[in-house]
$ cat structure.pdb   # PDB, C-alpha atoms
ATOM      1  CA  MET A   1      31.618 -12.111 -18.147
ATOM      2  CA  ILE A   2      28.870 -14.575 -17.262
ATOM      3  CA  GLU A   3      28.333 -17.119 -20.025
ATOM      4  CA  PRO A   4      24.647 -18.101 -20.256
ATOM      5  CA  ALA A   5      24.003 -21.816 -20.393
ATOM      6  CA  GLY A   6      21.321 -23.961 -21.968
ATOM      7  CA  ASP A   7      18.260 -21.997 -23.052
ATOM      8  CA  ALA A   8      20.013 -18.774 -22.061
ATOM      9  CA  ARG A   9      22.234 -19.068 -25.131
ATOM     10  CA  GLN A  10      19.137 -19.152 -27.333
ATOM     11  CA  ALA A  11      17.616 -16.221 -25.437
ATOM     12  CA  THR A  12      20.625 -14.029 -26.174
ATOM     13  CA  ARG A  13      20.343 -14.343 -29.942
ATOM     14  CA  SER A  14      21.308 -11.471 -32.256
ATOM     15  CA  ALA A  15      19.891  -8.006 -31.702
ATOM     16  CA  THR A  16      18.201  -8.065 -35.121
ATOM     17  CA  ASP A  17      15.877 -10.881 -33.959
ATOM     18  CA  ARG A  18      14.623  -9.491 -30.687
ATOM     19  CA  PRO A  19      13.650  -6.337 -28.779
ATOM     20  CA  ARG A  20      16.462  -4.690 -26.862
ATOM     21  CA  ALA A  21      16.659  -3.977 -23.156
ATOM     22  CA  LEU A  22      16.840  -0.518 -21.625
ATOM     23  CA  PHE A  23      17.450  -0.572 -17.877
ATOM     24  CA  ILE A  24      17.160   2.578 -15.768
ATOM     25  CA  VAL A  25      19.431   2.118 -12.760
ATOM     26  CA  GLY A  26      20.493   4.220  -9.813
ATOM     27  CA  PRO A  27      19.796   4.490  -6.092
ATOM     28  CA  PRO A  28      16.174   4.671  -4.986
ATOM     29  CA  ARG A  29      14.980   8.286  -5.141
ATOM     30  CA  SER A  30      17.545   9.285  -7.780
ATOM     31  CA  GLY A  31      14.956   9.769 -10.539
ATOM     32  CA  THR A  32      14.766   6.206 -11.880
ATOM     33  CA  THR A  33      10.960   6.053 -11.901
ATOM     34  CA  LEU A  34      10.601   9.502 -13.453
ATOM     35  CA  ILE A  35      13.104   8.799 -16.229
ATOM     36  CA  GLY A  36      11.877   5.231 -16.700
ATOM     37  CA  ASN A  37       8.320   6.396 -17.368
ATOM     38  CA  TYR A  38       9.569   9.146 -19.666
ATOM     39  CA  LEU A  39      11.717   6.804 -21.755
ATOM     40  CA  GLY A  40       9.094   4.081 -21.566
ATOM     41  CA  SER A  41       6.702   6.405 -23.395
ATOM     42  CA  SER A  42       8.624   6.015 -26.667
ATOM     43  CA  ALA A  43       6.394   4.567 -29.376
ATOM     44  CA  GLU A  44       9.011   1.870 -30.006
ATOM     45  CA  THR A  45       9.288   0.847 -26.346
ATOM     46  CA  PHE A  46       7.236  -1.375 -24.060
ATOM     47  CA  ASN A  47       7.322   0.044 -20.536
ATOM     48  CA  LEU A  48       7.784  -2.762 -18.023
ATOM     49  CA  ALA A  49       7.858  -0.099 -15.276
ATOM     50  CA  GLU A  50       9.422  -1.576 -12.115
ATOM     51  CA  PHE A  51       9.177  -5.146 -13.362
ATOM     52  CA  GLY A  52      11.033  -7.121 -10.688
ATOM     53  CA  GLY A  53      11.594 -10.231 -12.769
ATOM     54  CA  PHE A  54      15.247  -9.511 -13.550
ATOM     55  CA  HIS A  55      15.883  -8.738  -9.884
ATOM     56  CA  LEU A  56      14.342 -12.074  -8.928
ATOM     57  CA  ALA A  57      16.353 -14.057 -11.488
ATOM     58  CA  HIS A  58      19.721 -12.353 -11.084
ATOM     59  CA  THR A  59      19.770 -11.505  -7.366
ATOM     60  CA  VAL A  60      17.001 -12.981  -5.219
ATOM     61  CA  ALA A  61      17.041 -16.565  -6.511
ATOM     62  CA  PRO A  62      20.860 -16.951  -6.539
ATOM     63  CA  GLY A  63      21.029 -15.457  -3.056
ATOM     64  CA  ALA A  64      18.270 -17.668  -1.658
ATOM     65  CA  LEU A  65      19.620 -20.858  -3.204
ATOM     66  CA  GLY A  66      23.110 -19.994  -2.016
ATOM     67  CA  LEU A  67      21.898 -20.585   1.534
ATOM     68  CA  ILE A  68      21.052 -24.201   0.679
ATOM     69  CA  PRO A  69      23.610 -26.979   0.050
ATOM     70  CA  ALA A  70      24.173 -27.132  -3.690
ATOM     71  CA  GLY A  71      22.490 -29.791  -5.787
ATOM     72  CA  PRO A  72      23.813 -31.063  -9.110
ATOM     73  CA  HIS A  73      21.485 -28.918 -11.264
ATOM     74  CA  ARG A  74      21.425 -25.616  -9.383
ATOM     75  CA  ASN A  75      23.462 -23.641 -11.904
ATOM     76  CA  GLU A  76      21.451 -25.076 -14.775
ATOM     77  CA  TYR A  77      18.229 -24.087 -13.035
ATOM     78  CA  LEU A  78      19.440 -20.538 -12.386
ATOM     79  CA  ALA A  79      20.560 -20.169 -16.003
ATOM     80  CA  ASP A  80      17.132 -21.303 -17.201
ATOM     81  CA  LEU A  81      15.407 -18.914 -14.786
ATOM     82  CA  LYS A  82      17.416 -15.990 -16.181
ATOM     83  CA  ALA A  83      16.688 -17.137 -19.732
ATOM     84  CA  MET A  84      12.967 -17.431 -19.012
ATOM     85  CA  THR A  85      12.879 -13.906 -17.574
ATOM     86  CA  LEU A  86      14.638 -12.536 -20.629
ATOM     87  CA  ARG A  87      12.298 -14.407 -22.981
ATOM     88  CA  PHE A  88       9.262 -13.070 -21.125
ATOM     89  CA  ALA A  89      10.419  -9.453 -21.483
ATOM     90  CA  GLU A  90      11.274  -9.943 -25.158
ATOM     91  CA  GLU A  91       8.056 -11.754 -25.980
ATOM     92  CA  ILE A  92       5.771  -9.206 -24.329
ATOM     93  CA  ALA A  93       7.553  -6.392 -26.168
ATOM     94  CA  THR A  94       7.231  -8.354 -29.434
ATOM     95  CA  ARG A  95       3.531  -8.943 -28.756
ATOM     96  CA  TYR A  96       2.986  -5.190 -28.766
ATOM     97  CA  GLY A  97       5.244  -4.601 -31.751
ATOM     98  CA  ARG A  98       7.968  -2.772 -29.819
ATOM     99  CA  ARG A  99      11.712  -2.728 -30.556
ATOM    100  CA  TRP A 100      12.705  -2.050 -26.940
ATOM    101  CA  TYR A 101      11.478  -2.755 -23.432
ATOM    102  CA  CYS A 102      12.243  -0.524 -20.452
ATOM    103  CA  ASP A 103      12.686  -1.676 -16.853
ATOM    104  CA  ALA A 104      13.228   0.973 -14.160
ATOM    105  CA  ALA A 105      13.235  -1.151 -10.997
ATOM    106  CA  PRO A 106      15.895   0.220  -8.587
ATOM    107  CA  ALA A 107      16.207  -3.328  -7.256
ATOM    108  CA  ASN A 108      18.025  -4.192 -10.495
ATOM    109  CA  ASN A 109      21.125  -2.422  -9.157
ATOM    110  CA  ALA A 110      22.497  -5.487  -7.421
ATOM    111  CA  GLY A 111      22.140  -7.733 -10.466
ATOM    112  CA  ALA A 112      23.011  -5.175 -13.129
ATOM    113  CA  SER A 113      26.471  -6.580 -13.888
ATOM    114  CA  SER A 114      25.022 -10.061 -14.334
ATOM    115  CA  MET A 115      22.300  -8.658 -16.576
ATOM    116  CA  ALA A 116      24.850  -6.746 -18.654
ATOM    117  CA  ALA A 117      26.890  -9.902 -19.150
ATOM    118  CA  MET A 118      23.915 -12.000 -20.214
ATOM    119  CA  ILE A 119      22.343  -9.349 -22.484
ATOM    120  CA  PRO A 120      25.265  -8.002 -24.518
ATOM    121  CA  ASP A 121      23.317  -5.226 -26.235
ATOM    122  CA  ALA A 122      21.395  -4.001 -23.183
ATOM    123  CA  VAL A 123      21.704  -0.266 -22.527
ATOM    124  CA  PHE A 124      21.773   1.191 -19.016
ATOM    125  CA  VAL A 125      20.686   4.727 -18.152
ATOM    126  CA  LEU A 126      22.502   5.561 -14.933
ATOM    127  CA  THR A 127      20.744   8.263 -12.910
ATOM    128  CA  LEU A 128      23.248  10.358 -10.965
ATOM    129  CA  ARG A 129      22.005  12.346  -7.987
ATOM    130  CA  HIS A 130      24.135  14.222  -5.467
ATOM    131  CA  TYR A 131      24.275  12.376  -2.178
ATOM    132  CA  ALA A 132      22.710  15.172  -0.089
ATOM    133  CA  GLY A 133      19.449  15.478  -2.000
ATOM    134  CA  ASN A 134      19.240  11.727  -2.531
ATOM    135  CA  ILE A 135      19.749  11.002   1.165
ATOM    136  CA  GLN A 136      17.152  13.605   2.123
ATOM    137  CA  SER A 137      14.665  11.914  -0.195
ATOM    138  CA  LEU A 138      15.494   8.540   1.334
ATOM    139  CA  ARG A 139      14.813   9.965   4.786
ATOM    140  CA  ARG A 140      11.389  11.159   3.564
ATOM    141  CA  ALA A 141      10.736   7.676   2.205
ATOM    142  CA  PHE A 142      11.617   6.181   5.593
ATOM    143  CA  ALA A 143       9.268   8.611   7.335
ATOM    144  CA  SER A 144       6.522   7.389   4.989
ATOM    145  CA  GLY A 145       7.158   3.753   5.951
ATOM    146  CA  GLY A 146       9.996   2.754   3.630
ATOM    147  CA  ILE A 147      12.243   0.680   5.887
ATOM    148  CA  TRP A 148      14.427  -0.071   2.856
ATOM    149  CA  ALA A 149      15.482   3.605   2.790
ATOM    150  CA  GLY A 150      17.494   3.295   6.003
ATOM    151  CA  ARG A 151      16.572   3.988   9.607
ATOM    152  CA  THR A 152      19.204   6.683  10.137
ATOM    153  CA  TRP A 153      21.084   9.281   8.098
ATOM    154  CA  GLU A 154      24.073   6.949   8.054
ATOM    155  CA  GLU A 155      22.021   3.999   6.800
ATOM    156  CA  SER A 156      20.477   6.122   4.051
ATOM    157  CA  ALA A 157      23.985   7.184   3.040
ATOM    158  CA  GLN A 158      24.921   3.506   2.775
ATOM    159  CA  VAL A 159      21.946   2.868   0.471
ATOM    160  CA  TRP A 160      23.346   5.543  -1.871
ATOM    161  CA  VAL A 161      26.906   4.212  -1.674
ATOM    162  CA  VAL A 162      26.034   0.542  -2.176
ATOM    163  CA  ALA A 163      23.962   1.320  -5.264
ATOM    164  CA  TYR A 164      26.660   3.309  -7.036
ATOM    165  CA  ARG A 165      29.461   0.935  -6.078
ATOM    166  CA  SER A 166      27.625  -1.921  -7.773
ATOM    167  CA  LEU A 167      26.725   0.149 -10.845
ATOM    168  CA  LEU A 168      30.189   1.560 -11.508
ATOM    169  CA  SER A 169      31.244  -1.881 -12.770
ATOM    170  CA  LEU A 170      28.838  -1.720 -15.734
ATOM    171  CA  PRO A 171      30.492  -1.609 -19.187
ATOM    172  CA  ALA A 172      31.053   2.093 -19.848
ATOM    173  CA  GLU A 173      30.242   1.832 -23.554
ATOM    174  CA  ARG A 174      26.678   0.780 -22.732
ATOM    175  CA  VAL A 175      26.019   3.314 -19.979
ATOM    176  CA  VAL A 176      24.186   6.575 -20.684
ATOM    177  CA  PRO A 177      24.666   8.797 -17.612
ATOM    178  CA  PHE A 178      21.901  11.182 -16.595
ATOM    179  CA  GLY A 179      22.357  13.938 -14.014
ATOM    180  CA  TYR A 180      19.375  14.531 -11.733
ATOM    181  CA  ASP A 181      20.807  17.747 -10.279
ATOM    182  CA  ARG A 182      21.636  18.878 -13.802
ATOM    183  CA  LEU A 183      17.972  18.224 -14.676
ATOM    184  CA  ALA A 184      16.901  20.356 -11.727
ATOM    185  CA  ALA A 185      19.105  23.261 -12.794
ATOM    186  CA  GLY A 186      18.479  23.124 -16.551
ATOM    187  CA  PRO A 187      15.894  20.565 -17.642
ATOM    188  CA  ASP A 188      16.005  21.287 -21.373
ATOM    189  CA  GLU A 189      19.757  20.781 -21.608
ATOM    190  CA  ALA A 190      19.793  17.709 -19.362
ATOM    191  CA  LEU A 191      17.027  15.964 -21.304
ATOM    192  CA  ALA A 192      18.605  16.856 -24.642
ATOM    193  CA  SER A 193      21.859  15.288 -23.467
ATOM    194  CA  LEU A 194      19.985  12.139 -22.406
ATOM    195  CA  ARG A 195      18.237  11.879 -25.758
ATOM    196  CA  ASP A 196      21.530  12.367 -27.614
ATOM    197  CA  GLY A 197      23.177   9.636 -25.559
ATOM    198  CA  LEU A 198      20.380   7.178 -26.275
ATOM    199  CA  ALA A 199      20.225   8.023 -29.971
ATOM    200  CA  VAL A 200      23.786   6.706 -30.302
ATOM    201  CA  HIS A 201      22.386   3.289 -29.338
ATOM    202  CA  GLY A 202      19.512   3.484 -31.822
ATOM    203  CA  PHE A 203      16.826   4.319 -29.257
ATOM    204  CA  ASP A 204      13.856   6.277 -30.620
ATOM    205  CA  THR A 205      13.531   9.583 -28.762
ATOM    206  CA  GLY A 206      11.263  11.405 -31.213
ATOM    207  CA  SER A 207       8.017  10.159 -29.679
ATOM    208  CA  LEU A 208       8.798  10.669 -25.981
ATOM    209  CA  ASP A 209       5.939  12.136 -23.925
ATOM    210  CA  ALA A 210       7.225  15.067 -21.851
ATOM    211  CA  GLY A 211       3.893  15.120 -20.024
ATOM    212  CA  LEU A 212       5.108  12.229 -17.895
ATOM    213  CA  LEU A 213       7.700  14.562 -16.399
ATOM    214  CA  ALA A 214       4.845  16.391 -14.684
ATOM    215  CA  VAL A 215       4.040  13.340 -12.535
ATOM    216  CA  SER A 216       5.538  13.384  -9.027
ATOM    217  CA  HIS A 217       6.856  10.136  -7.579
ATOM    218  CA  GLY A 218       8.291  11.478  -4.318
ATOM    219  CA  THR A 219       6.730  12.082  -0.934
ATOM    220  CA  GLN A 220       7.507  14.443   1.901
ATOM    221  CA  PHE A 221       6.222  13.031   5.161
ATOM    222  CA  ASN A 222       2.432  13.487   4.964
ATOM    223  CA  ILE A 223       2.551  15.442   1.673
ATOM    224  CA  SER A 224       1.696  13.236  -1.284
ATOM    225  CA  THR A 225       3.569  15.122  -3.989
ATOM    226  CA  ARG A 226       6.664  17.246  -4.460
ATOM    227  CA  PRO A 227       7.674  19.680  -7.220
ATOM    228  CA  THR A 228       8.255  18.209 -10.660
ATOM    229  CA  VAL A 229      10.305  19.239 -13.661
ATOM    230  CA  ALA A 230       7.218  19.886 -15.791
ATOM    231  CA  ALA A 231       3.757  21.361 -15.395
ATOM    232  CA  PHE A 232       0.868  21.650 -17.825
ATOM    233  CA  GLN A 233       0.084  25.082 -19.191
ATOM    234  CA  ASP A 234      -2.647  25.464 -21.804
ATOM    235  CA  GLY A 235      -2.685  21.695 -22.197
ATOM    236  CA  ALA A 236       1.036  21.366 -22.950
ATOM    237  CA  PRO A 237       3.881  20.376 -20.603
ATOM    238  CA  ARG A 238       6.315  23.181 -19.769
ATOM    239  CA  LEU A 239       9.729  22.435 -18.284
ATOM    240  CA  ALA A 240      11.084  24.545 -15.453
ATOM    241  CA  PRO A 241      14.006  24.289 -13.012
ATOM    242  CA  PHE A 242      13.311  22.954  -9.544
ATOM    243  CA  SER A 243      15.232  22.355  -6.334
ATOM    244  CA  SER A 244      16.956  18.989  -6.010
ATOM    245  CA  ILE A 245      17.687  19.483  -2.295
ATOM    246  CA  ASP A 246      16.096  21.115   0.746
ATOM    247  CA  ILE A 247      19.231  23.103   1.411
ATOM    248  CA  ASP A 248      17.995  24.646   4.673
ATOM    249  CA  GLN A 249      17.615  21.167   6.122
ATOM    250  CA  TRP A 250      21.217  20.095   5.421
ATOM    251  CA  SER A 251      23.123  20.885   8.590
ATOM    252  CA  GLY A 252      26.574  20.464  10.067
ATOM    253  CA  ASP A 253      25.867  17.396  12.151
ATOM    254  CA  ILE A 254      24.100  15.641   9.265
ATOM    255  CA  HIS A 255      27.050  16.407   7.016
ATOM    256  CA  ARG A 256      29.500  15.191   9.654
ATOM    257  CA  ALA A 257      27.608  11.899   9.875
ATOM    258  CA  VAL A 258      27.347  11.090   6.161
ATOM    259  CA  TRP A 259      30.432  12.634   4.561
ATOM    260  CA  PRO A 260      32.912   9.898   5.610
ATOM    261  CA  ILE A 261      30.490   7.325   4.169
ATOM    262  CA  VAL A 262      29.843   8.987   0.801
ATOM    263  CA  ARG A 263      33.192  10.739   0.193
ATOM    264  CA  ASP A 264      34.968   8.146  -1.952
ATOM    265  CA  VAL A 265      31.996   7.313  -4.171
ATOM    266  CA  HIS A 266      31.115  11.002  -4.524
ATOM    267  CA  ASN A 267      34.631  11.807  -5.695
ATOM    268  CA  GLU A 268      34.625   8.865  -8.116
ATOM    269  CA  LEU A 269      31.347  10.020  -9.659
ATOM    270  CA  LEU A 270      32.805  13.508 -10.095
ATOM    271  CA  ARG A 271      35.826  11.973 -11.820
ATOM    272  CA  ARG A 272      33.924   9.647 -14.147
ATOM    273  CA  PHE A 273      30.998  11.895 -15.052
ATOM    274  CA  PRO A 274      32.207  15.507 -15.083
ATOM    275  CA  GLY A 275      29.473  17.962 -15.941
ATOM    276  CA  ILE A 276      26.785  15.285 -15.570
ATOM    277  CA  TYR A 277      27.153  14.349 -11.916
ATOM    278  CA  VAL A 278      27.093  17.827 -10.411
ATOM    279  CA  SER A 279      26.693  19.320  -6.958
ATOM    280  CA  PRO A 280      23.886  21.749  -6.167
ATOM    281  CA  ALA A 281      24.835  25.048  -4.573
ATOM    282  CA  PRO A 282      26.174  24.286  -1.074
ATOM    283  CA  PRO A 283      24.595  25.611   2.106
ATOM    284  CA  THR A 284      25.985  28.886   3.376
ATOM    285  CA  ASP A 285      25.597  27.924   7.030
ATOM    286  CA  MET A 286      26.575  24.484   8.304
ATOM    287  CA  ARG A 287      24.777  25.054  11.591
ATOM    288  CA  ALA A 288      24.083  22.382  14.162
ATOM    289  CA  HIS A 289      20.858  20.442  13.784
ATOM    290  CA  ASP A 290      18.848  18.080  15.952
ATOM    291  CA  ASP A 291      20.638  17.453  19.264
ATOM    292  CA  ILE A 292      24.249  18.205  18.329
ATOM    293  CA  LYS A 293      25.626  21.606  19.299
ATOM    294  CA  GLY A 294      28.241  23.587  17.410
ATOM    295  CA  SER A 295      29.150  23.507  13.754
ATOM    296  CA  ILE A 296      31.810  22.123  11.450
ATOM    297  CA  PRO A 297      33.948  24.073   8.978
ATOM    298  CA  PHE A 298      32.191  23.288   5.724
ATOM    299  CA  GLU A 299      35.189  23.892   3.502
ATOM    300  CA  ARG A 300      37.150  21.131   5.250
ATOM    301  CA  GLU A 301      34.493  18.507   4.778
ATOM    302  CA  GLY A 302      33.748  18.639   1.076
ATOM    303  CA  TRP A 303      30.599  18.889  -1.025
TER     304      TRP A 303
END
$ encode --input "structure.pdb" --output "structure tokens"
Amino acid sequence: MIEPAGDARQATRSATDRPRALFIVGPPRSGTTLIGNYLGSSAETFNLAEFGGFHLAHTVAPGALGLIPAGPHRNEYLADLKAMTLRFAEEIATRYGRRWYCDAAPANNAGASSMAAMIPDAVFVLTLRHYAGNIQSLRRAFASGGIWAGRTWEESAQVWVVAYRSLLSLPAERVVPFGYDRLAAGPDEALASLRDGLAVHGFDTGSLDAGLLAVSHGTQFNISTRPTVAAFQDGAPRLAPFSSIDIDQWSGDIHRAVWPIVRDVHNELLRRFPGIYVSPAPPTDMRAHDDIKGSIPFEREGW
């Protein structure tokens, strides 16, 4: 565990004196923004949205300074930078009279273990999305200009793998897992499970605004919005199942390309989060796609 130094020790004072941190983590396009805005709507929570400050302090700055020969005060500086970021989040939440603050920046994935060590009562909601739907969404993001999403199917698969590999080291007792594909299949049950998991940590779920679940954050090439889990009817949000994958667009050659990359992490997620990390119904035809002819036996390759 990372031991904060200097001002960082003061910043990590007892939970009774300060607002608590709620971080929504998971690969990009796994539902982090959707769930972050939903949980950030709690009356006791200040929504930092995709803040970026913790990513800067715990990942960007240490990485950038690591390229420069070390000076005598580098570690002290980095500790103070982390402490300042924590104080900022706590103070802005305090200013608005909130007991929690919520940060849903996917960039926090890389620094999440460091953040968990420095903030011993921070809670992490881990969004779990099946690799196929998540990779498809990453490909749509790339088509819309998101270079970070990977230039190829294989690179998008690596984005998914790298995120979960870093997040599986978080302390299990402070992780509340949330299944995106479970949300798609049965939103009421999935959201109730999320609320129950957070209530154990003292998070207020009674004032959450389900209307925020009607806001789409995805894109599909030149289409600005995609289906959401909620829609307004007679002025009230109504939850309904939706598709978490474009199953007709998942083909044999795509599967052949990504399965060796995602297999181990996929199986580990199934083992650690049974019933929460779930697979959508598999395709019935693993036909060839794009320029590759033939097909692969689906049952041999996993799902």
$ residues_around --input "structure.pdb" --residues "Asn108 of chain A" --least-positions-apart "4" --cutoff "10 Å" --atoms "all atoms listed in the file" --output "PyMOL selection string"
chain A and resi 23-27+50-56+58-59+103-104+112-115+163+167
$ closest_residue --input "structure.pdb" --among "A:Arg18, A:Arg98, A:His130, A:Arg271" --to "Thr45 of chain A" --atoms "all atoms listed in the file"
A:Arg98
$ residues_around --input "structure.pdb" --residues "Ala184 of chain A" --least-positions-apart "3" --cutoff "7 Å" --atoms "all atoms listed in the file" --output "VMD selection string"
chain A and resid 180 to 181 187 229 241 to 244
$ closest_atom_pairs --input "structure.pdb" --of "segment 16-127 of chain A" --to "segment 147-152 of chain A" --cutoff "12 Å" --atoms "only C-alpha atoms" --output "CSV"
residue,atom,partner,partner_atom,distance
A:Pro27,CA,A:Ala149,CA,9.9
A:Pro28,CA,A:Ala149,CA,7.9
A:Arg29,CA,A:Ala149,CA,9.2
A:Pro106,CA,A:Trp148,CA,11.5
A:Ala107,CA,A:Trp148,CA,10.8
$ atom_distance --input "structure.pdb" --atom1 "atom CA of Asn267 of chain A" --atom2 "atom CA of Ser193 of chain A"
22.2 Å
$ atom_distance --input "structure.pdb" --atom1 "atom CA of Gly302 of chain A" --atom2 "atom CA of Phe142 of chain A"
25.8 Å
$ residues_around --input "structure.pdb" --residues "segment 175-178 of chain A" --least-positions-apart "2" --cutoff "6 Å" --atoms "only C-alpha atoms" --output "PyMOL selection string"
chain A and resi 124-128+172-173+197
$ write_last_selection --input "structure.pdb" --atoms "C-alpha atoms" --output "PDB file, in the coordinates of the input"
ATOM      1  CA  PHE A 124      21.773   1.191 -19.016  1.00  0.00           C
ATOM      2  CA  VAL A 125      20.686   4.727 -18.152  1.00  0.00           C
ATOM      3  CA  LEU A 126      22.502   5.561 -14.933  1.00  0.00           C
ATOM      4  CA  THR A 127      20.744   8.263 -12.910  1.00  0.00           C
ATOM      5  CA  LEU A 128      23.248  10.358 -10.965  1.00  0.00           C
ATOM      6  CA  ALA A 172      31.053   2.093 -19.848  1.00  0.00           C
ATOM      7  CA  GLU A 173      30.242   1.832 -23.554  1.00  0.00           C
ATOM      8  CA  GLY A 197      23.177   9.636 -25.559  1.00  0.00           C
TER       9      GLY A 197
END
$ closest_residue --input "structure.pdb" --among "A:Gln233, A:Thr284, A:Ser144, A:Ser41" --to "Asp248 of chain A" --atoms "only C-alpha atoms"
A:Thr284
$ atom_distance --input "structure.pdb" --atom1 "atom CA of Lys82 of chain A" --atom2 "atom CA of Leu39 of chain A"
24.1 Å
$ closest_residue --input "structure.pdb" --among "A:Arg129, A:Arg272, A:Arg139, A:Arg99" --to "Gln249 of chain A" --atoms "only C-alpha atoms"
A:Arg139
$ closest_residue --input "structure.pdb" --among "A:Leu208, A:Pro274, A:Asp188, A:Val200" --to "Arg238 of chain A" --atoms "only C-alpha atoms"
A:Asp188
$ closest_residue --input "structure.pdb" --among "A:Val161, A:Ala199, A:Gly186, A:Ala110" --to "His266 of chain A" --atoms "all atoms listed in the file"
A:Val161
$ residues_around --input "structure.pdb" --residues "Gln158 of chain A" --least-positions-apart "4" --cutoff "8 Å" --atoms "only C-alpha atoms" --output "list in words"
Glu154, Val162, Ile261 and Val262 of chain A
$ closest_residue --input "structure.pdb" --among "A:Gly202, A:Phe46, A:Pro282, A:Ser166" --to "Arg95 of chain A" --atoms "all atoms listed in the file"
A:Phe46
$ residues_around --input "structure.pdb" --residues "Asn37 of chain A" --least-positions-apart "2" --cutoff "9 Å" --atoms "only C-alpha atoms" --output "JSON, numbers by chain"
{"A": [32, 33, 34, 35, 39, 40, 41, 47, 49, 102, 104, 212, 213]}
$ write_last_selection --input "structure.pdb" --atoms "C-alpha atoms" --output "PDB file, keeping the file's coordinate frame"
ATOM      1  CA  THR A  32      14.766   6.206 -11.880  1.00  0.00           C
ATOM      2  CA  THR A  33      10.960   6.053 -11.901  1.00  0.00           C
ATOM      3  CA  LEU A  34      10.601   9.502 -13.453  1.00  0.00           C
ATOM      4  CA  ILE A  35      13.104   8.799 -16.229  1.00  0.00           C
ATOM      5  CA  LEU A  39      11.717   6.804 -21.755  1.00  0.00           C
ATOM      6  CA  GLY A  40       9.094   4.081 -21.566  1.00  0.00           C
ATOM      7  CA  SER A  41       6.702   6.405 -23.395  1.00  0.00           C
ATOM      8  CA  ASN A  47       7.322   0.044 -20.536  1.00  0.00           C
ATOM      9  CA  ALA A  49       7.858  -0.099 -15.276  1.00  0.00           C
ATOM     10  CA  CYS A 102      12.243  -0.524 -20.452  1.00  0.00           C
ATOM     11  CA  ALA A 104      13.228   0.973 -14.160  1.00  0.00           C
ATOM     12  CA  LEU A 212       5.108  12.229 -17.895  1.00  0.00           C
ATOM     13  CA  LEU A 213       7.700  14.562 -16.399  1.00  0.00           C
TER      14      LEU A 213
END
$ decode --input "structure.pdb" --residues "segment 86-99 of chain A" --atoms "N, CA and C atoms" --output "tab-separated table (two decimals), in the first residue's frame"
chain	number	residue	atom	x	y	z
A	86	LEU	N	-6.72	15.60	-3.87
A	86	LEU	CA	-7.70	15.06	-2.93
A	86	LEU	C	-8.37	16.19	-2.15
A	87	ARG	N	-7.59	17.16	-1.69
A	87	ARG	CA	-8.17	18.28	-0.95
A	87	ARG	C	-9.15	19.06	-1.81
A	88	PHE	N	-8.80	19.26	-3.08
A	88	PHE	CA	-9.69	19.99	-3.98
A	88	PHE	C	-11.04	19.30	-4.09
A	89	ALA	N	-11.03	17.98	-4.32
A	89	ALA	CA	-12.28	17.23	-4.46
A	89	ALA	C	-13.09	17.29	-3.17
A	90	GLU	N	-12.41	17.14	-2.03
A	90	GLU	CA	-13.11	17.18	-0.75
A	90	GLU	C	-13.68	18.57	-0.46
A	91	GLU	N	-12.89	19.60	-0.76
A	91	GLU	CA	-13.33	20.95	-0.43
A	91	GLU	C	-14.50	21.40	-1.31
A	92	ILE	N	-14.49	21.00	-2.59
A	92	ILE	CA	-15.61	21.43	-3.44
A	92	ILE	C	-16.88	20.70	-3.04
A	93	ALA	N	-16.75	19.43	-2.62
A	93	ALA	CA	-17.93	18.71	-2.13
A	93	ALA	C	-18.43	19.34	-0.83
A	94	THR	N	-17.51	19.72	0.05
A	94	THR	CA	-17.89	20.36	1.32
A	94	THR	C	-18.57	21.70	1.07
A	95	ARG	N	-18.07	22.44	0.08
A	95	ARG	CA	-18.64	23.75	-0.25
A	95	ARG	C	-20.12	23.64	-0.59
A	96	TYR	N	-20.49	22.53	-1.22
A	96	TYR	CA	-21.89	22.33	-1.61
A	96	TYR	C	-22.65	21.46	-0.62
A	97	GLY	N	-22.04	21.19	0.52
A	97	GLY	CA	-22.72	20.46	1.57
A	97	GLY	C	-22.96	19.00	1.26
A	98	ARG	N	-22.06	18.37	0.51
A	98	ARG	CA	-22.24	16.98	0.11
A	98	ARG	C	-21.33	16.06	0.92
A	99	ARG	N	-21.80	14.84	1.16
A	99	ARG	CA	-21.05	13.83	1.92
A	99	ARG	C	-20.15	12.98	1.03
